[in-house]
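Participant: final.cif (mmCIF, C-alpha atoms and all ligand atoms) pasted underneath:
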data_model
#
loop_
_atom_site.group_PDB
_atom_site.id
_atom_site.type_symbol
_atom_site.label_atom_id
_atom_site.label_comp_id
_atom_site.auth_asym_id
_atom_site.auth_seq_id
_atom_site.Cartn_x
_atom_site.Cartn_y
_atom_site.Cartn_z
ATOM 1 C CA MET A 1 100.077 31.227 16.211
ATOM 2 C CA ALA A 2 100.799 28.515 18.759
ATOM 3 C CA ARG A 3 100.580 24.962 17.485
ATOM 4 C CA THR A 4 97.457 23.132 18.526
ATOM 5 C CA PRO A 5 97.037 19.365 18.514
ATOM 6 C CA HIS A 6 94.037 19.376 16.191
ATOM 7 C CA ASP A 7 93.430 20.982 12.891
ATOM 8 C CA LEU A 8 90.023 22.043 11.667
ATOM 9 C CA GLY A 9 91.059 21.221 8.101
ATOM 10 C CA ASP A 10 91.719 17.588 9.149
ATOM 11 C CA ILE A 11 88.319 17.405 10.795
ATOM 12 C CA VAL A 12 86.543 18.798 7.753
ATOM 13 C CA ARG A 13 88.347 16.305 5.516
ATOM 14 C CA ARG A 14 87.540 13.458 7.872
ATOM 15 C CA PHE A 15 83.898 14.157 8.662
ATOM 16 C CA ARG A 16 82.534 16.138 5.753
ATOM 17 C CA SER A 17 80.991 13.158 4.013
ATOM 18 C CA ASP A 18 79.191 12.152 7.262
ATOM 19 C CA LEU A 19 77.865 15.665 7.537
ATOM 20 C CA GLU A 20 76.674 15.790 3.967
ATOM 21 C CA ALA A 21 74.947 12.455 4.391
ATOM 22 C CA ALA A 22 72.807 14.057 7.110
ATOM 23 C CA GLU A 23 72.574 17.733 6.131
ATOM 24 C CA THR A 24 72.120 19.698 2.950
ATOM 25 C CA LEU A 25 74.719 22.405 2.690
ATOM 26 C CA THR A 26 74.048 25.786 1.125
ATOM 27 C CA PRO A 27 76.504 26.817 -1.622
ATOM 28 C CA VAL A 28 78.231 29.244 0.781
ATOM 29 C CA GLN A 29 78.625 26.523 3.418
ATOM 30 C CA GLY A 30 79.912 24.073 0.840
ATOM 31 C CA ARG A 31 82.471 26.542 -0.472
ATOM 32 C CA ALA A 32 83.609 27.452 3.046
ATOM 33 C CA LEU A 33 84.125 23.798 3.996
ATOM 34 C CA SER A 34 85.942 23.086 0.727
ATOM 35 C CA ALA A 35 88.256 26.041 1.307
ATOM 36 C CA ILE A 36 88.963 25.065 4.934
ATOM 37 C CA GLY A 37 89.600 21.469 3.869
ATOM 38 C CA LEU A 38 92.086 22.505 1.188
ATOM 39 C CA CYS A 39 93.816 25.414 2.943
ATOM 40 C CA ARG A 40 97.586 24.919 3.110
ATOM 41 C CA THR A 41 97.533 21.513 1.503
ATOM 42 C CA ALA A 42 99.233 20.350 -1.686
ATOM 43 C CA ALA A 43 95.905 20.766 -3.517
ATOM 44 C CA LEU A 44 96.337 24.550 -3.576
ATOM 45 C CA GLY A 45 99.965 24.423 -4.670
ATOM 46 C CA GLY A 46 102.809 26.057 -2.828
ATOM 47 C CA HIS A 47 105.418 28.758 -2.967
ATOM 48 C CA GLN A 48 108.978 29.289 -1.875
ATOM 49 C CA CYS A 49 110.656 32.581 -1.042
ATOM 50 C CA VAL A 50 114.146 33.073 -2.421
ATOM 51 C CA CYS A 51 116.467 35.983 -1.594
ATOM 52 C CA LEU A 52 117.478 37.669 -4.849
ATOM 53 C CA ASP A 53 120.768 38.868 -3.311
ATOM 54 C CA CYS A 54 122.184 35.778 -1.616
ATOM 55 C CA GLY A 55 120.041 33.038 -3.134
ATOM 56 C CA ARG A 56 118.996 31.720 0.298
ATOM 57 C CA LYS A 57 115.748 29.795 0.111
ATOM 58 C CA GLU A 58 113.103 29.545 2.811
ATOM 59 C CA ASP A 59 111.302 26.268 3.350
ATOM 60 C CA PRO A 60 108.538 25.908 0.800
ATOM 61 C CA SER A 61 105.003 26.369 2.123
ATOM 62 C CA TYR A 62 101.551 25.546 0.835
ATOM 63 C CA ASN A 63 99.228 28.303 -0.365
ATOM 64 C CA SER A 64 96.327 29.573 1.751
ATOM 65 C CA CYS A 65 92.669 29.454 0.730
ATOM 66 C CA ARG A 66 91.948 33.088 1.751
ATOM 67 C CA ASN A 67 88.369 32.169 2.523
ATOM 68 C CA ARG A 68 86.869 34.615 5.033
ATOM 69 C CA HIS A 69 85.593 31.714 7.162
ATOM 70 C CA CYS A 70 88.939 29.980 7.424
ATOM 71 C CA PRO A 71 90.592 30.378 10.838
ATOM 72 C CA LYS A 72 94.058 30.124 9.291
ATOM 73 C CA CYS A 73 93.350 32.976 6.916
ATOM 74 C CA GLN A 74 91.645 35.490 9.194
ATOM 75 C CA GLY A 75 94.774 37.015 10.706
ATOM 76 C CA LEU A 76 95.508 39.218 7.718
ATOM 77 C CA ALA A 77 91.910 40.343 7.200
ATOM 78 C CA GLN A 78 91.808 41.312 10.877
ATOM 79 C CA GLU A 79 94.999 43.405 10.668
ATOM 80 C CA ARG A 80 93.677 45.243 7.605
ATOM 81 C CA TRP A 81 90.319 45.917 9.226
ATOM 82 C CA ILE A 82 91.927 47.302 12.406
ATOM 83 C CA ALA A 83 94.346 49.480 10.412
ATOM 84 C CA ALA A 84 91.533 50.966 8.287
ATOM 85 C CA ARG A 85 89.331 51.724 11.320
ATOM 86 C CA THR A 86 92.253 53.163 13.267
ATOM 87 C CA ARG A 87 93.002 55.614 10.464
ATOM 88 C CA ALA A 88 89.419 56.887 10.607
ATOM 89 C CA ILE A 89 89.319 57.381 14.388
ATOM 90 C CA LEU A 90 89.400 60.995 15.651
ATOM 91 C CA PRO A 91 92.248 61.963 18.008
ATOM 92 C CA THR A 92 90.023 62.472 21.043
ATOM 93 C CA PRO A 93 88.950 60.398 24.053
ATOM 94 C CA HIS A 94 86.012 58.081 23.390
ATOM 95 C CA PHE A 95 83.109 56.389 25.115
ATOM 96 C CA HIS A 96 82.141 52.788 24.443
ATOM 97 C CA ALA A 97 78.448 51.932 24.045
ATOM 98 C CA VAL A 98 76.759 48.570 23.547
ATOM 99 C CA PHE A 99 73.186 48.237 22.245
ATOM 100 C CA THR A 100 71.680 44.749 22.408
ATOM 101 C CA LEU A 101 68.817 43.343 20.386
ATOM 102 C CA PRO A 102 66.211 41.861 22.805
ATOM 103 C CA ASP A 103 66.085 38.056 22.834
ATOM 104 C CA GLN A 104 62.486 38.190 21.630
ATOM 105 C CA LEU A 105 63.685 39.507 18.275
ATOM 106 C CA ARG A 106 66.212 36.756 17.639
ATOM 107 C CA PRO A 107 63.871 34.543 15.593
ATOM 108 C CA LEU A 108 63.026 37.481 13.352
ATOM 109 C CA ALA A 109 66.694 38.420 12.986
ATOM 110 C CA ARG A 110 67.530 34.859 12.002
ATOM 111 C CA VAL A 111 64.991 34.960 9.202
ATOM 112 C CA HIS A 112 65.701 38.529 8.045
ATOM 113 C CA PRO A 113 69.302 39.167 9.110
ATOM 114 C CA VAL A 114 70.074 41.895 6.594
ATOM 115 C CA ALA A 115 66.920 43.900 7.308
ATOM 116 C CA ILE A 116 67.237 43.619 11.094
ATOM 117 C CA TYR A 117 70.988 44.326 11.268
ATOM 118 C CA ASP A 118 70.523 47.287 8.961
ATOM 119 C CA LEU A 119 67.725 48.544 11.194
ATOM 120 C CA MET A 120 69.963 48.143 14.267
ATOM 121 C CA PHE A 121 72.684 50.267 12.661
ATOM 122 C CA ARG A 122 70.251 53.003 11.645
ATOM 123 C CA CYS A 123 68.409 53.109 14.979
ATOM 124 C CA VAL A 124 71.536 53.066 17.150
ATOM 125 C CA ALA A 125 73.186 55.852 15.151
ATOM 126 C CA ALA A 126 69.971 57.932 15.086
ATOM 127 C CA THR A 127 69.459 57.457 18.846
ATOM 128 C CA LEU A 128 72.943 58.631 19.806
ATOM 129 C CA LEU A 129 73.018 61.500 17.303
ATOM 130 C CA GLU A 130 69.561 62.762 18.270
ATOM 131 C CA MET A 131 70.189 62.668 22.032
ATOM 132 C CA ALA A 132 73.548 64.407 21.695
ATOM 133 C CA ARG A 133 72.046 67.099 19.475
ATOM 134 C CA THR A 134 69.152 67.866 21.802
ATOM 135 C CA ARG A 135 70.934 67.453 25.160
ATOM 136 C CA LEU A 136 74.481 68.534 24.391
ATOM 137 C CA GLY A 137 74.101 70.622 21.244
ATOM 138 C CA ILE A 138 76.724 68.646 19.365
ATOM 139 C CA THR A 139 77.061 66.128 16.565
ATOM 140 C CA LEU A 140 78.915 63.049 17.752
ATOM 141 C CA GLY A 141 81.395 60.937 15.790
ATOM 142 C CA LEU A 142 80.431 57.239 15.773
ATOM 143 C CA THR A 143 82.073 53.963 14.761
ATOM 144 C CA LEU A 144 79.667 51.026 14.864
ATOM 145 C CA VAL A 145 80.645 47.371 14.918
ATOM 146 C CA LEU A 146 78.080 44.578 14.737
ATOM 147 C CA HIS A 147 78.673 41.402 16.716
ATOM 148 C CA ILE A 148 76.164 38.622 16.338
ATOM 149 C CA TRP A 149 77.492 35.940 18.594
ATOM 150 C CA SER A 150 78.716 35.766 22.153
ATOM 151 C CA ARG A 151 81.933 34.296 23.461
ATOM 152 C CA LYS A 152 80.033 31.084 24.057
ATOM 153 C CA LEU A 153 79.086 31.002 20.381
ATOM 154 C CA THR A 154 75.429 31.650 21.049
ATOM 155 C CA TYR A 155 73.462 33.919 18.741
ATOM 156 C CA HIS A 156 73.577 37.296 20.452
ATOM 157 C CA VAL A 157 73.049 40.389 18.322
ATOM 158 C CA HIS A 158 74.627 43.569 19.674
ATOM 159 C CA LEU A 159 76.278 46.682 18.348
ATOM 160 C CA HIS A 160 79.433 48.151 19.843
ATOM 161 C CA VAL A 161 79.829 51.863 19.298
ATOM 162 C CA LEU A 162 82.907 53.984 19.757
ATOM 163 C CA VAL A 163 81.538 57.436 20.540
ATOM 164 C CA THR A 164 83.658 60.596 20.525
ATOM 165 C CA ALA A 165 83.753 62.341 23.904
ATOM 166 C CA GLY A 166 82.437 65.517 22.347
ATOM 167 C CA GLY A 167 81.443 66.629 18.886
ATOM 168 C CA LEU A 168 80.942 69.390 16.372
ATOM 169 C CA THR A 169 78.769 72.284 17.506
ATOM 170 C CA LEU A 170 75.508 72.456 15.543
ATOM 171 C CA ASP A 171 76.804 75.302 13.367
ATOM 172 C CA GLY A 172 79.589 72.907 12.364
ATOM 173 C CA GLU A 173 82.268 75.424 13.325
ATOM 174 C CA THR A 174 83.997 74.066 16.435
ATOM 175 C CA PHE A 175 84.648 70.848 18.316
ATOM 176 C CA LYS A 176 83.211 70.898 21.823
ATOM 177 C CA ALA A 177 84.799 68.352 24.136
ATOM 178 C CA VAL A 178 82.782 66.619 26.848
ATOM 179 C CA GLU A 179 84.931 66.560 29.972
ATOM 180 C CA GLU A 180 82.506 64.756 32.265
ATOM 181 C CA LYS A 181 82.783 61.107 33.220
ATOM 182 C CA PHE A 182 79.518 60.378 31.493
ATOM 183 C CA LEU A 183 78.145 61.450 28.172
ATOM 184 C CA LEU A 184 74.416 60.730 28.153
ATOM 185 C CA HIS A 185 72.024 59.001 30.537
ATOM 186 C CA VAL A 186 71.468 55.384 29.537
ATOM 187 C CA LYS A 187 67.789 55.135 30.472
ATOM 188 C CA PRO A 188 66.499 57.778 28.029
ATOM 189 C CA LEU A 189 68.934 56.383 25.442
ATOM 190 C CA ALA A 190 67.431 52.917 25.847
ATOM 191 C CA ARG A 191 63.881 54.298 25.635
ATOM 192 C CA LEU A 192 64.621 56.247 22.479
ATOM 193 C CA PHE A 193 66.320 53.225 20.907
ATOM 194 C CA LYS A 194 63.331 51.068 21.760
ATOM 195 C CA GLY A 195 60.913 53.548 20.148
ATOM 196 C CA LYS A 196 63.005 53.838 16.995
ATOM 197 C CA LEU A 197 63.532 50.114 16.587
ATOM 198 C CA MET A 198 59.855 49.343 17.120
ATOM 199 C CA ASP A 199 58.907 52.026 14.571
ATOM 200 C CA GLY A 200 61.430 50.485 12.199
ATOM 201 C CA LEU A 201 59.876 47.037 12.644
ATOM 202 C CA ARG A 202 56.428 48.451 11.850
ATOM 203 C CA GLY A 203 57.930 50.010 8.724
ATOM 204 C CA LEU A 204 59.511 46.712 7.650
ATOM 205 C CA ARG A 205 56.189 44.974 8.044
ATOM 206 C CA LYS A 206 54.381 47.696 6.100
ATOM 207 C CA ASP A 207 56.917 47.374 3.284
ATOM 208 C CA GLY A 208 56.333 43.635 3.168
ATOM 209 C CA VAL A 209 59.833 42.675 4.383
ATOM 210 C CA ILE A 210 58.450 41.031 7.516
ATOM 211 C CA SER A 211 55.380 38.913 6.992
ATOM 212 C CA MET A 212 53.563 38.225 10.252
ATOM 213 C CA THR A 213 49.879 38.008 11.066
ATOM 214 C CA ASP A 214 48.272 40.961 12.850
ATOM 215 C CA GLY A 215 47.932 38.880 16.011
ATOM 216 C CA ALA A 216 51.548 37.636 16.097
ATOM 217 C CA PHE A 217 52.984 41.041 15.272
ATOM 218 C CA GLY A 218 50.734 42.767 17.781
ATOM 219 C CA SER A 219 51.761 40.465 20.602
ATOM 220 C CA LEU A 220 55.464 40.812 19.683
ATOM 221 C CA MET A 221 55.119 44.596 19.807
ATOM 222 C CA ALA A 222 53.294 44.423 23.156
ATOM 223 C CA THR A 223 56.049 42.216 24.615
ATOM 224 C CA LEU A 224 58.805 44.481 23.322
ATOM 225 C CA TRP A 225 57.085 47.548 24.694
ATOM 226 C CA LYS A 226 56.821 46.084 28.205
ATOM 227 C CA LEU A 227 60.491 45.120 28.292
ATOM 228 C CA ASP A 228 63.169 47.244 29.869
ATOM 229 C CA TRP A 229 65.756 47.692 27.150
ATOM 230 C CA HIS A 230 69.347 48.101 28.248
ATOM 231 C CA VAL A 231 72.147 50.180 26.873
ATOM 232 C CA TYR A 232 75.726 50.164 28.126
ATOM 233 C CA LEU A 233 77.688 53.399 27.910
ATOM 234 C CA LYS A 234 80.994 53.983 29.672
ATOM 235 C CA GLU A 235 84.082 56.009 29.198
ATOM 236 C CA ALA A 236 86.602 53.937 27.251
ATOM 237 C CA PHE A 237 89.507 53.789 29.690
ATOM 238 C CA LYS A 238 91.937 52.610 27.084
ATOM 239 C CA ALA A 239 92.798 54.443 23.887
ATOM 240 C CA PRO A 240 90.232 54.037 21.085
ATOM 241 C CA GLU A 241 92.865 52.150 19.085
ATOM 242 C CA TRP A 242 92.898 49.506 21.828
ATOM 243 C CA VAL A 243 89.107 49.195 21.775
ATOM 244 C CA LEU A 244 89.198 48.806 17.988
ATOM 245 C CA GLU A 245 91.824 46.141 18.287
ATOM 246 C CA TYR A 246 89.651 44.295 20.775
ATOM 247 C CA LEU A 247 86.550 44.606 18.583
ATOM 248 C CA GLY A 248 88.495 43.638 15.482
ATOM 249 C CA ARG A 249 89.941 40.553 17.117
ATOM 250 C CA TYR A 250 86.468 39.506 18.057
ATOM 251 C CA THR A 251 84.839 40.455 14.773
ATOM 252 C CA HIS A 252 87.310 38.421 12.765
ATOM 253 C CA ARG A 253 87.544 35.435 15.019
ATOM 254 C CA VAL A 254 86.146 32.382 13.403
ATOM 255 C CA GLY A 255 83.773 30.473 15.689
ATOM 256 C CA ILE A 256 85.598 27.195 15.727
ATOM 257 C CA SER A 257 89.324 27.464 15.539
ATOM 258 C CA ASN A 258 91.988 24.870 16.173
ATOM 259 C CA SER A 259 92.605 26.022 19.756
ATOM 260 C CA ARG A 260 88.977 25.311 20.646
ATOM 261 C CA ILE A 261 89.186 21.671 19.705
ATOM 262 C CA LEU A 262 90.484 19.643 22.615
ATOM 263 C CA GLU A 263 89.819 16.102 21.497
ATOM 264 C CA VAL A 264 88.481 14.395 18.475
ATOM 265 C CA HIS A 265 86.846 11.074 19.176
ATOM 266 C CA GLY A 266 84.460 10.837 16.307
ATOM 267 C CA GLU A 267 81.658 9.894 18.657
ATOM 268 C CA ARG A 268 82.365 12.172 21.549
ATOM 269 C CA MET A 269 83.725 15.635 21.783
ATOM 270 C CA ILE A 270 85.094 17.799 24.580
ATOM 271 C CA LYS A 271 84.505 21.433 23.984
ATOM 272 C CA ARG A 272 86.214 24.168 25.965
ATOM 273 C CA THR A 273 83.911 26.843 27.352
ATOM 274 C CA PHE A 274 85.006 30.420 27.100
ATOM 275 C CA ASN A 275 84.010 32.482 30.072
ATOM 276 C CA PRO A 276 85.670 35.845 30.113
ATOM 277 C CA GLY A 277 89.092 35.778 31.685
ATOM 278 C CA PHE A 278 89.307 32.238 32.919
ATOM 279 C CA ARG A 279 88.756 28.735 31.888
ATOM 280 C CA ILE A 280 86.345 27.081 34.249
ATOM 281 C CA ASN A 281 85.453 23.559 33.473
ATOM 282 C CA LEU A 282 85.547 21.360 30.492
ATOM 283 C CA HIS A 283 82.167 20.651 29.126
ATOM 284 C CA GLN A 284 82.118 16.988 28.557
ATOM 285 C CA LYS A 285 79.176 16.226 26.412
ATOM 286 C CA ALA A 286 78.414 13.152 24.445
ATOM 287 C CA LEU A 287 78.341 14.897 21.158
ATOM 288 C CA ASN A 288 78.732 13.379 17.832
ATOM 289 C CA LEU A 289 81.517 15.538 16.507
ATOM 290 C CA ALA A 290 80.713 14.882 12.907
ATOM 291 C CA LEU A 291 77.222 16.265 13.260
ATOM 292 C CA ALA A 292 76.982 18.569 16.267
ATOM 293 C CA GLY A 293 80.432 20.072 15.810
ATOM 294 C CA ALA A 294 80.000 20.520 12.134
ATOM 295 C CA ARG A 295 76.560 21.988 12.645
ATOM 296 C CA ALA A 296 78.064 24.538 15.018
ATOM 297 C CA LEU A 297 80.743 25.230 12.449
ATOM 298 C CA LEU A 298 78.113 25.865 9.803
ATOM 299 C CA ASP A 299 76.173 28.127 12.097
ATOM 300 C CA ILE A 300 79.278 30.104 12.818
ATOM 301 C CA THR A 301 80.160 30.178 9.168
ATOM 302 C CA LEU A 302 76.862 31.881 8.555
ATOM 303 C CA SER A 303 77.303 34.201 11.493
ATOM 304 C CA ILE A 304 80.767 35.343 10.607
ATOM 305 C CA ASN A 305 79.505 35.968 7.123
ATOM 306 C CA ALA A 306 77.211 38.612 8.493
ATOM 307 C CA ASN A 307 79.830 39.867 10.918
ATOM 308 C CA LEU A 308 82.553 40.752 8.499
ATOM 309 C CA PRO A 309 82.468 44.235 7.096
ATOM 310 C CA THR A 310 82.810 44.348 3.330
ATOM 311 C CA GLU A 311 85.447 46.719 2.169
HETATM 312 ZN ZN ZN B 1 92.545 29.261 4.705
HETATM 313 ZN ZN ZN B 2 80.530 42.160 21.373
#
Output the file's structure in the form of C-alpha cells.
Ligand SMILES: [Zn+2]
Ligand SMILES: [Zn+2]
Facilitator:
Amino acid sequence: MARTPHDLGDIVRRFRSDLEAAETLTPVQGRALSAIGLCRTAALGGHQCVCLDCGRKEDPSYNSCRNRHCPKCQGLAQERWIAARTRAILPTPHFHAVFTLPDQLRPLARVHPVAIYDLMFRCVAATLLEMARTRLGITLGLTLVLHIWSRKLTYHVHLHVLVTAGGLTLDGETFKAVEEKFLLHVKPLARLFKGKLMDGLRGLRKDGVISMTDGAFGSLMATLWKLDWHVYLKEAFKAPEWVLEYLGRYTHRVGISNSRILEVHGERMIKRTFNPGFRINLHQKALNLALAGARALLDITLSINANLPTE
C-alpha cells in the first residue's frame, strides 16, 4: 500500500474526545474507533520474524487490530472473500446484473436494515430464477453481493448479481448454455422485482416488523407502484473472477481510508471526490473535521458492518 501523508489512526487519536463530547457512540462504533486508534501501535504489542535457518531478523512490527472496520486490516479479509467466492463460481460465461432499491425506501432501510436487505436478497434471487424458469426453461446459478453505499459514500442500496449464462434444465439433467448477447429482458425483470418487493414489504408490515400508519404505508406503496424501477443486466465482458475481484475490492473497502484524507486542519477539511475513472475537483468545504469527518466515519462504519459477509 502506498504511503499516504495522513493516517486515520492519528486522526481518531487526535479528535476522538471532541467527537465524544458532541456525539454518543454505540458500543460497535466505540469498539471500531478504539481498534483503529490502536492498530499497529505499541499498545497492541509487536512481533518480529526470525529465520530459523540463518537467524536473520526482520524489522520488528506492531500488531494489527484485525477489526473489520479498520482500513489497515481489510486487505486480508478481502483476499479471503475473493478466494472463497472464486472457488464457488461455475466455469461458464456470466452476466452481471444490478438491482437498486428505490430512493423512497432508503428511510425504511435505514431503520430496518436487516429486514430490508434480506428482502432484497430474496426478491432479486426469486425474480431471476422465476423469469429464467418460465422464459428459458432453466435454473440459473447466482452469486449476490450487497453494496449499500456509492463511490461518493452516499447511502445507496443495490445488489450486484453474477448470473450464469445458462443453467440446469428443469429436469436437473443437463446444463443448457445461453449463447445470445442478452439473457432476459430488463423491463419485465424490473416489473417482477417491483411486485415481489412490494409484496414483501406488505408481509413485513403484517408481521409487525415495519410499523407505519395505514395512511403513510398506503402512500408509500402508491409512490412505489408509480415509479419505473430499473434493472441493469449485461454480459460480463471480463471473466467472472475479475468481476468478483472488483466487487470484493469494493465490498471490503472501508469508507474513509488514509488515501482519502488530503489535509487535516482541525477546523477545515479537504475531501477528495471519487467520480469513476478520474479525479475532477477538490471539494473544499469548511468542515469541522472532528465532527463532520468523524460522523462520516461512523456512518461508514455502520454501513460496512452491513456490507461484509459473515463467513
Ligand atoms: Zn487494524
Ligand atoms: Zn455496487
Participant: Give me, as a count of residues only, the set of residues whose atoms come within 6 Å of any atom of ligand ZN 1 (chain B), counting only C-alpha atoms and all ligand atoms.
Facilitator: 9
Participant: Please determine, counting all atoms listed in the file, which residue among A:His147, A:Arg202, A:His96, A:His160 has the shortest atom-to-atom distance to Ala239 (chain A).
Facilitator: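 Closest to Ala239 (chain A), using all atoms listed in the file: A:His96.
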Participant: What do you get as a list in words if you pick all residues at most 9 Å from ligand ZN 2 (chain B), counting all atoms listed in the file?
Facilitator: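 Result of the 9 Å neighbour search around ligand ZN 2 (chain B): Val98, Val145, Leu146, His147, Ile148, Trp149, Ser150, Arg151, His156, Val157, His158, Leu159, His160, Leu247, Tyr250 and Thr251 of chain A.
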Participant: Please evaluate the PyMOL selection byres (((chain A and resi 167) around 9) and not hetatm) against the displayed coordinates and give the resulting residues as a list in words.
Facilitator: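 On this input, the PyMOL selection byres (((chain A and resi 167) around 9) and not hetatm) captures Ala132, Gly137, Ile138, Thr139, Leu140, Gly141, Thr164, Ala165, Gly166, Leu168, Thr169, Leu170, Thr174, Phe175, Lys176, Ala177 and Val178 of chain A.
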Participant: One decimal, Å: what's the distance from CA of Met221 (chain A) over to CA of Gly195 (chain A), could you say?
Facilitator: 10.7 Å
Participant: Using all atoms listed in the file, determine which residues lie at most 10 Å from Leu224 (chain A), disregarding the query and same-chain residues fewer than 5 positions distant; provide the list as a list of chain:residue names.
Facilitator: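 Contacts, with the query itself left out: A:Pro102, A:Asp103, A:Gln104, A:Leu105, A:Lys194, A:Gly195, A:Leu197, A:Met198, A:Gly218, A:Ser219, A:Trp229.
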Participant: Just checking: using only C-alpha atoms, which residue out of A:Leu119, A:Val28, A:Ala21, A:Ile82 ends up closest to Gly248 (chain A)?
Facilitator: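 Of A:Leu119, A:Val28, A:Ala21, A:Ile82, the one nearest Gly248 (chain A) is A:Ile82, counting only C-alpha atoms.
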Participant: So the first atom is CA of Leu44 (chain A) and the second is CA of Arg68 (chain A); what is the distance between them in Å, to one decimal place?
Facilitator: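 According to the coordinates, CA of Leu44 (chain A) and CA of Arg68 (chain A) are separated by 16.3 Å.
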Participant: Just the number, please: distance in Å from CA of Pro71 (chain A) to CA of Val161 (chain A), one decimal.
Facilitator: 25.5 Å
Participant: Quick one: residues within 12 Å of (68.5, 53.9, 29.7) (file frame), counting all atoms listed in the file, please, as a count of residues only.
Facilitator: 24
Participant: For each of A:Lys234, A:Arg85, A:Lys196, A:Arg110, take the minimum atom-to-atom distance to Val124 (chain A), counting all atoms listed in the file, then give the residue where this is smallest.
Facilitator: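 Answer, going by the shortest atom-to-atom distance: A:Lys196.
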Participant: Pick from A:Ala88, A:Met120, A:Ala83, A:Leu142: nearest to Leu101 (chain A), with only C-alpha atoms counted?
Facilitator: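 Of A:Ala88, A:Met120, A:Ala83, A:Leu142, the one nearest Leu101 (chain A), counting only C-alpha atoms, is A:Met120.
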Participant: For Val209 (chain A), find every residue with an atom within 12 Å (counting all atoms listed in the file), except residues of its own chain fewer than 2 positions away, and show them as a PyMOL selection string.
Facilitator: chain A and resi 108-109+111-116+119+200-207+211-212
Participant: Which residue is closest to Thr92 (chain A)? Choose from A:Asp199, A:Phe15, A:Leu162, A:Phe121 and count all atoms listed in the file.
Facilitator: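 Among the listed residues, A:Leu162 lies closest to Thr92 (chain A).
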Participant: Given all atoms listed in the file as the basis, pick out the residue of A:Asp18, A:Ile89, A:Val163, A:Thr24 nearest to Ala125 (chain A).
Facilitator: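 Looking only at the distances to Ala125 (chain A), the closest residue turns out to be A:Val163.
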